[in-house]
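Coordinates as given in data-v6.cif (mmCIF, C-alpha atoms and all ligand atoms):
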```
data_my_file
#
loop_
_atom_site.label_atom_id
_atom_site.label_comp_id
_atom_site.auth_asym_id
_atom_site.auth_seq_id
_atom_site.Cartn_x
_atom_site.Cartn_y
_atom_site.Cartn_z
CA MET A 1 0.00 0.00 0.00
CA THR A 2 1.42 3.37 -0.90
CA THR A 3 1.26 6.08 1.71
CA ARG A 4 0.07 9.49 0.65
CA VAL A 5 2.17 12.25 2.13
CA LEU A 6 0.97 15.82 1.73
CA THR A 7 2.78 19.08 2.40
CA GLY A 8 1.47 22.61 2.01
CA ILE A 9 3.90 25.44 1.44
CA LYS A 10 2.78 28.95 2.13
CA PRO A 11 4.31 31.19 -0.51
CA SER A 12 5.96 33.94 1.46
CA GLY A 13 9.12 35.46 0.08
CA THR A 14 12.25 33.67 -1.11
CA PRO A 15 13.43 30.76 1.00
CA HIS A 16 16.65 30.92 3.02
CA ILE A 17 19.10 28.14 3.75
CA GLY A 18 17.33 27.40 7.04
CA ASN A 19 14.18 26.56 5.05
CA TYR A 20 16.27 24.52 2.66
CA LEU A 21 17.96 22.38 5.28
CA GLY A 22 14.99 22.16 7.63
CA ALA A 23 12.16 21.60 5.17
CA ILE A 24 12.92 21.52 1.45
CA ARG A 25 15.87 19.11 1.35
CA PRO A 26 14.39 16.52 3.76
CA ALA A 27 10.94 16.67 2.12
CA ILE A 28 12.39 16.06 -1.33
CA ALA A 29 14.54 13.21 0.01
CA ALA A 30 11.44 11.65 1.61
CA SER A 31 9.48 11.97 -1.63
CA ARG A 32 11.96 9.63 -3.30
CA ALA A 33 11.08 6.77 -0.94
CA ALA A 34 9.34 3.76 -2.43
CA ASP A 35 5.67 3.28 -1.55
CA THR A 36 5.18 7.01 -1.13
CA GLU A 37 2.95 9.23 -3.19
CA SER A 38 3.85 12.82 -2.40
CA PHE A 39 1.68 15.90 -2.74
CA PHE A 40 3.44 19.27 -2.52
CA PHE A 41 1.33 22.31 -3.08
CA LEU A 42 1.60 26.06 -3.02
CA ALA A 43 -0.94 27.26 -0.48
CA ASP A 44 -1.74 30.45 -2.35
CA LEU A 45 -5.30 30.68 -1.01
CA HIS A 46 -3.87 30.63 2.49
CA SER A 47 -1.39 33.34 1.61
CA LEU A 48 -4.28 35.75 0.96
CA ILE A 49 -4.94 35.69 4.70
CA ASN A 50 -1.57 37.38 5.30
CA THR A 51 -1.12 39.59 2.31
CA GLN A 52 -3.39 41.57 0.08
CA ASP A 53 -0.59 42.61 -2.22
CA PRO A 54 -1.37 40.85 -5.53
CA GLN A 55 2.14 41.30 -6.96
CA ARG A 56 3.62 39.73 -3.90
CA VAL A 57 1.26 36.76 -4.04
CA GLN A 58 2.15 36.11 -7.67
CA ARG A 59 5.87 36.63 -7.21
CA SER A 60 6.11 34.45 -4.10
CA THR A 61 4.18 31.65 -5.75
CA LEU A 62 6.60 31.64 -8.66
CA GLU A 63 9.66 31.85 -6.41
CA ILE A 64 8.56 29.00 -4.19
CA ALA A 65 7.69 26.74 -7.12
CA ALA A 66 11.04 27.50 -8.74
CA SER A 67 12.87 26.90 -5.46
CA TRP A 68 11.44 23.43 -4.93
CA LEU A 69 12.08 22.46 -8.54
CA ALA A 70 15.63 23.83 -8.38
CA ALA A 71 16.22 21.87 -5.17
CA GLY A 72 15.56 18.64 -7.07
CA LEU A 73 11.86 17.90 -6.76
CA ASP A 74 10.84 15.58 -9.58
CA PRO A 75 7.55 17.02 -10.88
CA GLU A 76 6.62 13.87 -12.76
CA LYS A 77 6.95 11.65 -9.71
CA VAL A 78 5.65 14.08 -7.12
CA TRP A 79 2.39 16.00 -7.39
CA LEU A 80 3.43 19.64 -7.42
CA TYR A 81 0.42 21.93 -7.75
CA ARG A 82 -1.20 25.17 -6.81
CA GLN A 83 -4.06 25.13 -4.32
CA SER A 84 -6.11 27.68 -6.24
CA ASP A 85 -6.03 25.48 -9.36
CA ILE A 86 -8.22 22.93 -7.57
CA PRO A 87 -11.63 24.62 -7.14
CA GLU A 88 -12.88 21.45 -5.43
CA ILE A 89 -10.78 22.44 -2.42
CA THR A 90 -12.82 25.58 -1.88
CA GLU A 91 -16.04 23.71 -2.41
CA LEU A 92 -14.98 21.07 0.10
CA THR A 93 -14.11 23.84 2.53
CA TRP A 94 -17.81 24.67 2.67
CA TYR A 95 -18.95 21.09 3.33
CA LEU A 96 -16.45 20.96 6.17
CA THR A 97 -17.43 24.42 7.42
CA VAL A 98 -20.98 23.28 8.04
CA VAL A 99 -19.85 20.36 10.20
CA ALA A 100 -16.96 22.17 11.93
CA GLY A 101 -17.63 23.13 15.54
CA LYS A 102 -17.19 26.87 16.01
CA GLY A 103 -15.95 26.21 19.53
CA LEU A 104 -13.13 24.11 18.15
CA LEU A 105 -12.09 26.92 15.80
CA ASN A 106 -12.22 29.39 18.71
CA ARG A 107 -9.44 27.35 20.29
CA ALA A 108 -7.08 27.44 17.28
CA HIS A 109 -3.69 28.80 18.39
CA ALA A 110 -3.29 31.45 15.70
CA TYR A 111 -6.76 32.85 16.26
CA LYS A 112 -6.42 32.74 20.04
CA ALA A 113 -3.07 34.51 19.89
CA ALA A 114 -4.62 37.29 17.82
CA VAL A 115 -7.46 37.65 20.36
CA ASP A 116 -4.95 37.70 23.22
CA ARG A 117 -3.02 40.50 21.55
CA ASN A 118 -6.22 42.49 21.21
CA ARG A 119 -7.01 41.99 24.89
CA GLU A 120 -3.54 43.12 25.91
CA GLU A 121 -4.09 46.25 23.89
CA ARG A 122 -7.55 46.67 25.41
CA GLN A 123 -9.23 46.39 22.06
CA ASP A 124 -12.33 44.52 21.04
CA ASP A 125 -11.54 40.76 21.01
CA ASP A 126 -11.92 40.45 17.27
CA ALA A 127 -10.50 43.81 16.24
CA GLY A 128 -8.69 43.47 12.92
CA ILE A 129 -9.22 39.71 12.78
CA THR A 130 -10.64 38.46 9.51
CA ALA A 131 -12.93 35.51 9.10
CA GLY A 132 -10.15 34.18 6.86
CA LEU A 133 -7.81 33.80 9.83
CA PHE A 134 -10.59 32.16 11.80
CA MET A 135 -11.35 29.71 8.98
CA TYR A 136 -7.72 28.90 8.22
CA PRO A 137 -7.94 25.40 9.76
CA VAL A 138 -11.00 24.48 7.71
CA LEU A 139 -9.33 25.37 4.41
CA MET A 140 -6.28 23.45 5.55
CA ALA A 141 -8.43 20.42 6.37
CA ALA A 142 -9.88 20.56 2.86
CA ASP A 143 -6.32 20.60 1.41
CA ILE A 144 -5.56 17.42 3.25
CA LEU A 145 -8.85 15.55 2.93
CA VAL A 146 -9.43 16.20 -0.76
CA PHE A 147 -6.54 13.89 -1.66
CA GLY A 148 -6.97 11.38 1.13
CA ALA A 149 -3.57 12.09 2.65
CA ASP A 150 -2.41 9.55 5.23
CA LYS A 151 0.53 11.53 6.57
CA VAL A 152 1.13 15.24 6.89
CA PRO A 153 4.67 16.21 7.94
CA VAL A 154 4.40 19.44 9.91
CA GLY A 155 6.08 21.50 12.56
CA ARG A 156 4.78 21.30 16.10
CA ASP A 157 2.78 24.50 15.66
CA GLN A 158 0.65 22.77 13.04
CA ILE A 159 -0.31 19.59 14.93
CA GLN A 160 -3.51 21.18 16.18
CA HIS A 161 -4.58 21.83 12.59
CA ILE A 162 -4.17 18.17 11.67
CA GLU A 163 -6.21 17.18 14.70
CA MET A 164 -8.94 19.52 13.56
CA ALA A 165 -8.87 17.98 10.09
CA ARG A 166 -9.39 14.58 11.71
CA ASP A 167 -12.25 15.94 13.75
CA PHE A 168 -14.05 17.44 10.74
CA ALA A 169 -13.45 14.28 8.71
CA GLN A 170 -14.79 12.08 11.46
CA ARG A 171 -17.88 14.19 11.93
CA PHE A 172 -18.61 14.16 8.24
CA ASN A 173 -18.06 10.41 7.92
CA HIS A 174 -20.30 9.77 10.89
CA LEU A 175 -23.02 12.16 9.81
CA TYR A 176 -23.26 10.79 6.28
CA GLY A 177 -22.67 7.18 7.25
CA LYS A 178 -19.65 6.31 5.17
CA ASP A 179 -15.86 6.71 5.26
CA TYR A 180 -15.64 9.42 2.65
CA PHE A 181 -12.47 10.75 4.24
CA VAL A 182 -9.23 9.18 5.36
CA LEU A 183 -8.21 10.38 8.83
CA PRO A 184 -4.80 12.04 8.39
CA GLU A 185 -1.92 11.79 10.82
CA ALA A 186 0.65 14.44 11.61
CA THR A 187 4.27 13.35 11.40
CA ILE A 188 6.83 15.40 13.25
CA ASP A 189 10.53 15.35 12.49
CA ASP A 190 12.39 16.53 15.53
CA ALA A 191 15.70 15.40 14.11
CA VAL A 192 16.06 18.61 12.11
CA ALA A 193 17.90 20.95 14.41
CA THR A 194 17.27 24.64 13.95
CA LEU A 195 19.97 26.34 11.97
CA PRO A 196 21.68 29.40 13.41
CA GLY A 197 21.64 32.63 11.45
CA LEU A 198 24.39 35.21 10.93
CA ASP A 199 24.13 36.47 14.51
CA GLY A 200 23.94 33.01 16.13
CA ARG A 201 20.21 33.17 16.86
CA LYS A 202 17.83 30.87 14.95
CA MET A 203 17.87 31.73 11.27
CA SER A 204 14.62 33.58 10.67
CA LYS A 205 13.34 36.40 8.52
CA SER A 206 12.03 38.12 11.61
CA TYR A 207 15.59 38.42 12.99
CA ASP A 208 16.95 39.66 9.68
CA ASN A 209 19.84 37.20 9.98
CA VAL A 210 19.18 34.90 7.04
CA ILE A 211 21.25 33.67 4.12
CA PRO A 212 18.93 33.56 1.09
CA LEU A 213 19.07 30.16 -0.58
CA PHE A 214 19.80 31.59 -4.02
CA ALA A 215 21.97 34.54 -3.10
CA PRO A 216 24.47 35.16 -5.92
CA ARG A 217 27.99 33.91 -5.20
CA GLU A 218 29.38 37.32 -4.25
CA GLU A 219 26.50 38.09 -1.92
CA LEU A 220 26.78 34.65 -0.34
CA LYS A 221 30.45 35.33 0.32
CA LYS A 222 29.73 38.69 1.91
CA LEU A 223 27.05 37.16 4.14
CA VAL A 224 29.25 34.26 5.24
CA PHE A 225 32.02 36.70 6.12
CA SER A 226 29.57 38.69 8.24
CA ILE A 227 28.87 35.72 10.55
CA VAL A 228 29.49 36.75 14.13
CA THR A 229 32.51 35.06 15.81
CA ASP A 230 34.50 35.65 18.97
CA SER A 231 37.73 37.63 19.03
CA ARG A 232 40.26 34.81 19.14
CA ALA A 233 43.28 35.41 16.96
CA PRO A 234 44.68 32.98 14.38
CA GLY A 235 46.73 30.29 16.15
CA GLU A 236 44.44 30.24 19.20
CA PRO A 237 42.31 27.08 19.50
CA LYS A 238 38.61 27.72 18.84
CA ASP A 239 35.43 26.23 20.26
CA THR A 240 33.10 24.34 17.94
CA ALA A 241 30.41 24.22 20.62
CA GLY A 242 28.08 27.19 20.21
CA SER A 243 29.81 28.31 17.02
CA ALA A 244 27.26 29.32 14.37
CA LEU A 245 30.01 29.04 11.79
CA PHE A 246 30.72 25.45 12.73
CA GLN A 247 27.04 24.48 12.84
CA LEU A 248 26.47 25.90 9.38
CA TYR A 249 29.46 23.98 8.08
CA GLN A 250 28.20 20.78 9.64
CA ALA A 251 24.79 21.18 8.00
CA PHE A 252 26.40 21.12 4.56
CA ALA A 253 29.26 18.69 5.13
CA SER A 254 29.80 14.95 5.54
CA ALA A 255 30.81 13.58 8.93
CA GLU A 256 34.48 13.32 7.84
CA GLN A 257 34.56 16.86 6.52
CA SER A 258 33.05 18.11 9.77
CA ALA A 259 35.60 16.16 11.81
CA ALA A 260 38.44 17.72 9.80
CA PHE A 261 36.93 21.17 10.28
CA ALA A 262 36.66 20.56 14.05
CA GLN A 263 40.36 19.59 14.04
CA ALA A 264 41.20 22.83 12.23
CA PHE A 265 39.32 24.71 14.99
CA ALA A 266 41.36 22.94 17.65
CA ASP A 267 44.53 23.72 15.69
CA GLY A 268 43.72 27.42 15.75
CA ILE A 269 42.48 28.14 12.22
CA GLY A 270 41.94 31.89 11.72
CA TRP A 271 38.32 33.07 11.41
CA GLY A 272 38.96 34.47 7.94
CA GLU A 273 40.23 31.11 6.72
CA ALA A 274 37.36 29.26 8.44
CA LYS A 275 34.83 31.55 6.75
CA GLN A 276 36.46 30.99 3.38
CA GLN A 277 36.14 27.22 3.85
CA LEU A 278 32.51 27.51 4.94
CA PHE A 279 31.73 29.72 1.96
CA GLU A 280 33.27 27.22 -0.47
CA ARG A 281 31.42 24.34 1.17
CA ILE A 282 28.02 26.05 0.93
CA ASP A 283 28.67 27.37 -2.54
CA SER A 284 29.65 23.96 -3.91
CA GLU A 285 26.28 22.52 -2.84
CA LEU A 286 24.17 25.53 -3.80
CA ALA A 287 25.80 26.64 -7.08
CA PRO A 288 24.02 24.04 -9.23
CA LEU A 289 20.69 24.82 -7.51
CA ARG A 290 21.23 28.52 -8.07
CA ALA A 291 21.85 27.94 -11.78
CA ARG A 292 18.67 25.88 -12.10
CA TYR A 293 16.71 28.46 -10.11
CA GLU A 294 17.81 31.28 -12.37
CA ALA A 295 16.92 29.30 -15.47
CA LEU A 296 13.48 28.48 -14.08
CA MET A 297 12.80 32.07 -13.04
CA ALA A 298 13.66 33.21 -16.55
CA GLU A 299 10.85 31.06 -17.99
CA PRO A 300 7.83 31.40 -15.73
CA GLU A 301 5.57 30.12 -18.51
CA LYS A 302 7.13 26.68 -18.14
CA ILE A 303 6.29 26.51 -14.46
CA GLU A 304 2.81 27.85 -15.20
CA ALA A 305 2.23 25.09 -17.76
CA LEU A 306 3.50 22.43 -15.37
CA LEU A 307 1.27 23.58 -12.52
CA CYS A 308 -1.79 23.78 -14.77
CA ARG A 309 -1.19 20.33 -16.21
CA ARG A 310 -0.63 18.64 -12.86
CA GLY A 311 -3.55 20.46 -11.26
CA GLN A 312 -5.86 19.29 -14.03
CA GLN A 313 -4.66 15.70 -13.65
CA LEU A 314 -5.24 15.81 -9.91
CA ARG A 315 -8.73 17.16 -10.38
CA GLU A 316 -9.67 14.45 -12.83
CA ARG A 317 -8.10 11.67 -10.85
CA PHE A 318 -9.14 12.58 -7.32
CA ALA A 319 -10.93 15.83 -6.67
CA ILE A 320 -13.78 15.78 -9.19
CA PRO A 321 -14.91 12.20 -8.43
CA LEU A 322 -14.70 12.80 -4.68
CA LEU A 323 -16.71 16.01 -4.83
CA LYS A 324 -19.30 14.31 -6.99
CA ALA A 325 -19.79 11.70 -4.27
CA LEU A 326 -19.83 14.32 -1.53
CA ARG A 327 -22.41 16.45 -3.30
CA HIS A 328 -24.64 13.43 -3.53
CA ALA A 329 -23.94 12.48 0.08
CA VAL A 330 -25.03 15.82 1.48
CA GLY A 331 -28.14 15.95 -0.70
CA LEU A 332 -27.08 18.32 -3.47
CA ARG A 333 -28.68 16.16 -6.14
CA ALA A 334 -30.45 16.53 -9.43
CA LEU A 335 -34.06 17.36 -8.68
CA SER A 336 -35.18 15.00 -11.41
CA ALA A 337 -33.67 12.26 -9.26
CA ALA A 338 -35.90 13.24 -6.35
CA THR A 339 -37.66 9.90 -6.39
CA ASP A 340 -34.35 8.05 -6.25
CA ALA A 341 -33.82 5.62 -3.46
CA PRO A 342 -31.81 7.24 -0.68
CA ALA A 343 -28.05 6.78 -0.82
CA ALA A 344 -26.99 3.16 -0.57
CA THR A 345 -25.47 3.49 2.86
CA ALA A 346 -28.59 5.06 4.31
CA VAL A 347 -30.62 2.19 2.87
CA ASP A 348 -28.26 -0.38 4.32
CA ARG A 349 -28.56 1.05 7.74
CA ALA A 350 -32.34 1.47 7.57
CA VAL A 351 -33.08 -2.10 6.49
CA LEU A 352 -30.66 -3.85 8.80
CA PRO A 353 -32.53 -6.41 10.97
CA VAL A 354 -32.23 -6.08 14.76
CA PHE A 355 -32.42 -8.30 17.80
CA LYS A 356 -34.48 -6.78 20.61
CA GLN A 357 -34.09 -8.05 24.18
CA TYR A 358 -36.68 -7.37 26.84
CA ARG A 359 -38.27 -8.65 30.06
CA GLU A 360 -41.88 -9.69 30.36
CA LYS A 361 -44.26 -9.38 33.29
CA ASP A 362 -43.60 -13.03 34.06
CA GLY A 363 -40.07 -11.94 35.05
CA ARG A 364 -38.42 -13.92 32.27
CA PHE A 365 -36.10 -12.69 29.56
CA TYR A 366 -37.05 -12.75 25.89
CA PHE A 367 -35.77 -11.59 22.55
CA LYS A 368 -37.14 -11.20 19.08
CA LEU A 369 -35.69 -10.55 15.66
CA LEU A 370 -37.21 -7.76 13.59
CA ASP A 371 -36.44 -6.92 10.00
CA GLY A 372 -35.44 -3.39 8.91
CA GLN A 373 -39.06 -2.38 8.56
CA GLY A 374 -39.89 -3.67 12.02
CA ALA A 375 -41.68 -6.88 10.96
CA LEU A 376 -41.33 -9.77 13.41
CA LEU A 377 -39.14 -12.60 12.05
CA LEU A 378 -38.75 -14.77 15.10
CA GLN A 379 -39.78 -14.85 18.74
CA SER A 380 -37.90 -16.55 21.57
CA GLU A 381 -39.19 -18.45 24.56
CA GLY A 382 -38.51 -17.06 28.01
CA PHE A 383 -35.08 -17.42 29.65
CA ASP A 384 -34.10 -17.27 33.29
CA SER A 385 -31.40 -14.62 32.80
CA PRO A 386 -30.43 -11.98 30.26
CA ARG A 387 -27.16 -13.85 29.87
CA ASP A 388 -28.95 -17.00 28.67
CA ALA A 389 -30.92 -14.94 26.18
CA GLY A 390 -27.73 -13.21 25.01
CA GLN A 391 -26.00 -16.53 24.42
CA ARG A 392 -28.90 -17.73 22.29
CA ILE A 393 -28.71 -14.58 20.24
CA ALA A 394 -24.98 -15.03 19.76
CA ALA A 395 -25.53 -18.62 18.61
CA LEU A 396 -28.34 -17.58 16.26
CA LYS A 397 -26.14 -14.92 14.67
CA GLN A 398 -23.89 -17.74 13.50
CA ALA A 399 -26.81 -19.78 12.10
CA GLU A 400 -26.32 -20.88 8.52
CA HIS A 401 -28.88 -23.73 8.31
CA ASP A 402 -32.43 -24.57 9.33
CA ASP A 403 -31.22 -26.97 12.04
CA ALA A 404 -29.50 -24.17 13.87
CA LEU A 405 -32.85 -22.38 14.00
CA ARG A 406 -34.64 -25.45 15.27
CA ALA A 407 -32.03 -25.97 18.01
CA ALA A 408 -32.78 -22.56 19.50
CA PRO A 409 -36.01 -22.38 21.49
CA VAL A 410 -37.64 -19.91 19.11
CA THR A 411 -40.80 -19.63 17.10
CA LEU A 412 -40.35 -18.58 13.50
CA GLU A 413 -42.77 -15.89 12.42
CA ALA A 414 -41.38 -15.83 8.89
CA GLU A 415 -40.08 -18.51 6.57
CA ALA A 416 -36.79 -20.08 7.63
CA GLY A 417 -35.12 -18.80 4.43
CA VAL A 418 -36.14 -15.21 5.21
CA VAL A 419 -34.84 -15.52 8.78
CA LEU A 420 -31.54 -17.01 7.62
CA ALA A 421 -31.13 -14.25 5.05
CA ALA A 422 -31.68 -11.64 7.76
CA LEU A 423 -29.06 -13.29 9.98
CA ARG A 424 -26.61 -13.37 7.09
CA GLN A 425 -27.25 -9.68 6.48
CA LEU A 426 -26.42 -8.96 10.13
CA ARG A 427 -23.20 -10.93 9.91
CA GLU A 428 -22.09 -9.08 6.82
CA ALA A 429 -22.82 -5.70 8.34
CA ALA A 430 -20.92 -6.49 11.54
N1 LIG B 501 -0.43 25.90 7.57
C1 LIG B 501 0.77 25.46 6.91
C2 LIG B 501 1.94 26.35 7.36
O1 LIG B 501 1.72 27.44 7.84
C3 LIG B 501 0.63 25.52 5.42
C4 LIG B 501 -0.45 24.61 4.94
C5 LIG B 501 -1.62 24.96 4.34
C6 LIG B 501 -0.45 23.19 5.03
N2 LIG B 501 -2.35 23.86 4.04
C7 LIG B 501 -1.67 22.76 4.45
C8 LIG B 501 0.45 22.27 5.54
C9 LIG B 501 -1.99 21.40 4.41
C10 LIG B 501 0.13 20.92 5.49
C11 LIG B 501 -1.08 20.49 4.92
O2 LIG B 501 3.06 25.95 7.22
#
```
Could you spell out this file's structure in structure tokens?
Amino acid sequence: MTTRVLTGIKPSGTPHIGNYLGAIRPAIAASRAADTESFFFLADLHSLINTQDPQRVQRSTLEIAASWLAAGLDPEKVWLYRQSDIPEITELTWYLTVVAGKGLLNRAHAYKAAVDRNREERQDDDAGITAGLFMYPVLMAADILVFGADKVPVGRDQIQHIEMARDFAQRFNHLYGKDYFVLPEATIDDAVATLPGLDGRKMSKSYDNVIPLFAPREELKKLVFSIVTDSRAPGEPKDTAGSALFQLYQAFASAEQSAAFAQAFADGIGWGEAKQQLFERIDSELAPLRARYEALMAEPEKIEALLCRRGQQLRERFAIPLLKALRHAVGLRALSAATDAPAATAVDRAVLPVFKQYREKDGRFYFKLLDGQGALLLQSEGFDSPRDAGQRIAALKQAEHDDALRAAPVTLEAEAGVVLAALRQLREAA
């Protein structure tokens, strides 16, 4: 069985090497595993929650697609697509919205944090908060459920969203009596350590300490040489522990290379020389990616065509058939089909026979078997205890032949064949 792994990427600016090492490189490596079907998409609908700058939305979407392709994603093996190219996702968002508990959404971290900020500033709870932010988890659930993803690799901050997706899926499945949705699982990779930035703090846009993944060679060199170090002179031994420079080197090097670099630290390599080595190490891995990135960015129409083609294939293969079934499930049906029998699952449940157990005035315990319409099929004699009655029922449920019916102290109210058929139906539904 192949496992479907799905990852959403919010297009926001150009990625830096922290994104590359922490997310892009491991995700692409994982997508090459056998028995995995990977779905990577640009969450452009989500990005509208954060930015209303159309140029930025368009530019970021292109940059992120080009980045993942340049980093080695194979677009014929992996599904790379754009969320907004799959209109079924927005339609599904509505079917999930109407089963989603508002109370659950109230507890979403991002929304709660925004409310808390408002309270601190003594503003109205919902000041400046859009319904888009509030509904973020529902759209995300639709992303995941539309393609039946089994696994969703996410950071810890996103686990709650996956749990919500499970909750909505479960409610829908239960309400409409069939497993329309796979229940997704979050997978967390704690092995990826956070990468330090130029100043030694975690590399992050908000600290303005990042190395852009596709910085031109000269800029990369300047940035690497601006990494903060201590003031030890050449010849003095240097600490690898806590050294941002060393950690960056390690992230790009093999174990042997890192060991040799650590030795150079102990031997008192000068910071200038150490930076030169780090720069060469990073550049040798990133130069081919940079060249591919630039080529891709020069021909946006190629990426556009790829995304359109893959999006269309996904719709035909998964999204359109699923939404057709869902529309029928919820009752959005052709009016000319109004006299249709109810959906198969509803029928199955309605006509399922049942055993009823009860106590009579004589103090004894009885049971009877009714068909789905409530017609009496068989009637038991009285038993001394509910347990005795229960055992007879259990035995009857296994009955395949007339003799089994005769062995039980029951009176048949319908033909033996009808009763046996009802028992078989119960077995199959169990
Ligand atoms: N919320 C995710 C993030 O901020 C992006 C995202 C949107 C996503 N839809 C998704 C991730 C579906 C996984 C699955 O990083």
Please tabulate, as CSV, the residues of chain A that come within 10 Å of ligand LIG 501 (chain B), each with its closest pair of atoms and the distance in Å to one decimal, counting only C-alpha atoms and all ligand atoms and ordering rows by chain, then residue number upward.
```
residue,atom,partner,partner_atom,distance
A:Val5,CA,B:LIG501,C11,9.3
A:Leu6,CA,B:LIG501,C11,6.0
A:Thr7,CA,B:LIG501,C10,4.5
A:Gly8,CA,B:LIG501,C6,3.6
A:Ile9,CA,B:LIG501,C3,5.2
A:Lys10,CA,B:LIG501,C3,5.2
A:Pro11,CA,B:LIG501,C3,9.0
A:Phe39,CA,B:LIG501,C11,9.3
A:Phe40,CA,B:LIG501,C11,8.8
A:Phe41,CA,B:LIG501,C7,8.1
A:Leu42,CA,B:LIG501,C5,8.1
A:Ala43,CA,B:LIG501,C5,5.4
A:Asp44,CA,B:LIG501,C5,8.7
A:Leu45,CA,B:LIG501,C5,8.7
A:His46,CA,B:LIG501,C5,6.4
A:Ser47,CA,B:LIG501,C5,8.8
A:Gln83,CA,B:LIG501,N2,8.6
A:Tyr136,CA,B:LIG501,N1,7.9
A:Pro137,CA,B:LIG501,N1,7.8
A:Val138,CA,B:LIG501,N2,9.4
A:Leu139,CA,B:LIG501,N2,7.2
A:Met140,CA,B:LIG501,N2,4.2
A:Ala141,CA,B:LIG501,C9,6.8
A:Ala142,CA,B:LIG501,C9,8.1
A:Asp143,CA,B:LIG501,C9,5.3
A:Ile144,CA,B:LIG501,C9,5.5
A:Leu145,CA,B:LIG501,C9,9.1
A:Ala149,CA,B:LIG501,C11,9.1
A:Lys151,CA,B:LIG501,C11,9.3
A:Val152,CA,B:LIG501,C10,5.9
A:Pro153,CA,B:LIG501,C10,7.0
A:Val154,CA,B:LIG501,C10,6.3
A:Gly155,CA,B:LIG501,O2,7.6
A:Asp157,CA,B:LIG501,O1,8.4
A:Gln158,CA,B:LIG501,N1,6.4
A:Ile159,CA,B:LIG501,C10,9.5
A:His161,CA,B:LIG501,N1,7.7
A:Ile162,CA,B:LIG501,C11,7.8
A:Ala165,CA,B:LIG501,C9,9.6
A:Pro184,CA,B:LIG501,C11,9.9
A:Ala186,CA,B:LIG501,C10,8.9
```
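With distances taken over all atoms listed in the file, A:Glu280 is the one residue among A:Glu280, A:Asp384, A:Asp35, A:Asp179 lying closest to Leu220 in chain A.
CA of Leu104 in chain A is found 20.6 Å from CA of Asp124 in chain A.
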Can you pull out the residues contacting Lys221 in chain A? Cut-off 9 Å, using all atoms listed in the file, and skip same-chain residues under 6 positions away; I want them as a VMD selection string.
chain A and resid 275 to 276 279 to 280 283
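The space between CA of Lys102 in chain A and CA of Ala114 in chain A spans 16.4 Å.
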Rank nothing, just name the residue among A:Gly13, A:Phe261, A:Pro75, A:Ile89 nearest to Ser60 in chain A, using all atoms listed in the file.
A:Gly13
For the atom pair CA of Val419 in chain A and CA of Arg406 in chain A, what is the interatomic distance in Å to one decimal place?
11.9 Å
Return the single residue from A:Leu426, A:Arg4, A:Ile49, A:Ala255 that is closest to Leu183 in chain A, with distances computed using only C-alpha atoms.
A:Arg4
Long-range neighbours of range 230-237 of chain A as a list in words, 8 Å cut-off, all atoms listed in the file, 5 positions minimum in chain
Phe265, Ala266, Asp267, Gly268, Ile269, Gly270 and Trp271 of chain A
List the neighbours of Glu285 in chain A out to 12 Å using all atoms listed in the file; skip same-chain residues closer than 2 positions along the sequence, and give me the result as a PDB file with C-alpha atoms, in the frame of the given file.
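Contents of selection13.pdb, freshly written:
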```
ATOM      1  CA  ILE A  17      19.100  28.140   3.750  1.00  0.00           C
ATOM      2  CA  TYR A  20      16.270  24.520   2.660  1.00  0.00           C
ATOM      3  CA  LEU A  21      17.960  22.380   5.280  1.00  0.00           C
ATOM      4  CA  ARG A  25      15.870  19.110   1.350  1.00  0.00           C
ATOM      5  CA  ALA A  71      16.220  21.870  -5.170  1.00  0.00           C
ATOM      6  CA  LEU A 213      19.070  30.160  -0.580  1.00  0.00           C
ATOM      7  CA  PHE A 214      19.800  31.590  -4.020  1.00  0.00           C
ATOM      8  CA  ARG A 217      27.990  33.910  -5.200  1.00  0.00           C
ATOM      9  CA  TYR A 249      29.460  23.980   8.080  1.00  0.00           C
ATOM     10  CA  ALA A 251      24.790  21.180   8.000  1.00  0.00           C
ATOM     11  CA  PHE A 252      26.400  21.120   4.560  1.00  0.00           C
ATOM     12  CA  ALA A 253      29.260  18.690   5.130  1.00  0.00           C
ATOM     13  CA  SER A 254      29.800  14.950   5.540  1.00  0.00           C
ATOM     14  CA  LEU A 278      32.510  27.510   4.940  1.00  0.00           C
ATOM     15  CA  PHE A 279      31.730  29.720   1.960  1.00  0.00           C
ATOM     16  CA  GLU A 280      33.270  27.220  -0.470  1.00  0.00           C
ATOM     17  CA  ARG A 281      31.420  24.340   1.170  1.00  0.00           C
ATOM     18  CA  ILE A 282      28.020  26.050   0.930  1.00  0.00           C
ATOM     19  CA  ASP A 283      28.670  27.370  -2.540  1.00  0.00           C
ATOM     20  CA  ALA A 287      25.800  26.640  -7.080  1.00  0.00           C
ATOM     21  CA  PRO A 288      24.020  24.040  -9.230  1.00  0.00           C
ATOM     22  CA  LEU A 289      20.690  24.820  -7.510  1.00  0.00           C
ATOM     23  CA  ARG A 290      21.230  28.520  -8.070  1.00  0.00           C
ATOM     24  CA  ALA A 291      21.850  27.940 -11.780  1.00  0.00           C
TER      25      ALA A 291
END
```
Quick one: of A:Glu91, A:Asp53, A:Glu413, A:Glu76, who's nearest to Leu326 in chain A, counting only C-alpha atoms?
A:Glu91
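Using only C-alpha atoms for every distance, the candidate list A:Gln398, A:Ser258, A:Gln55, A:Ser284 yields A:Gln398 as the residue closest to Ala430 in chain A.
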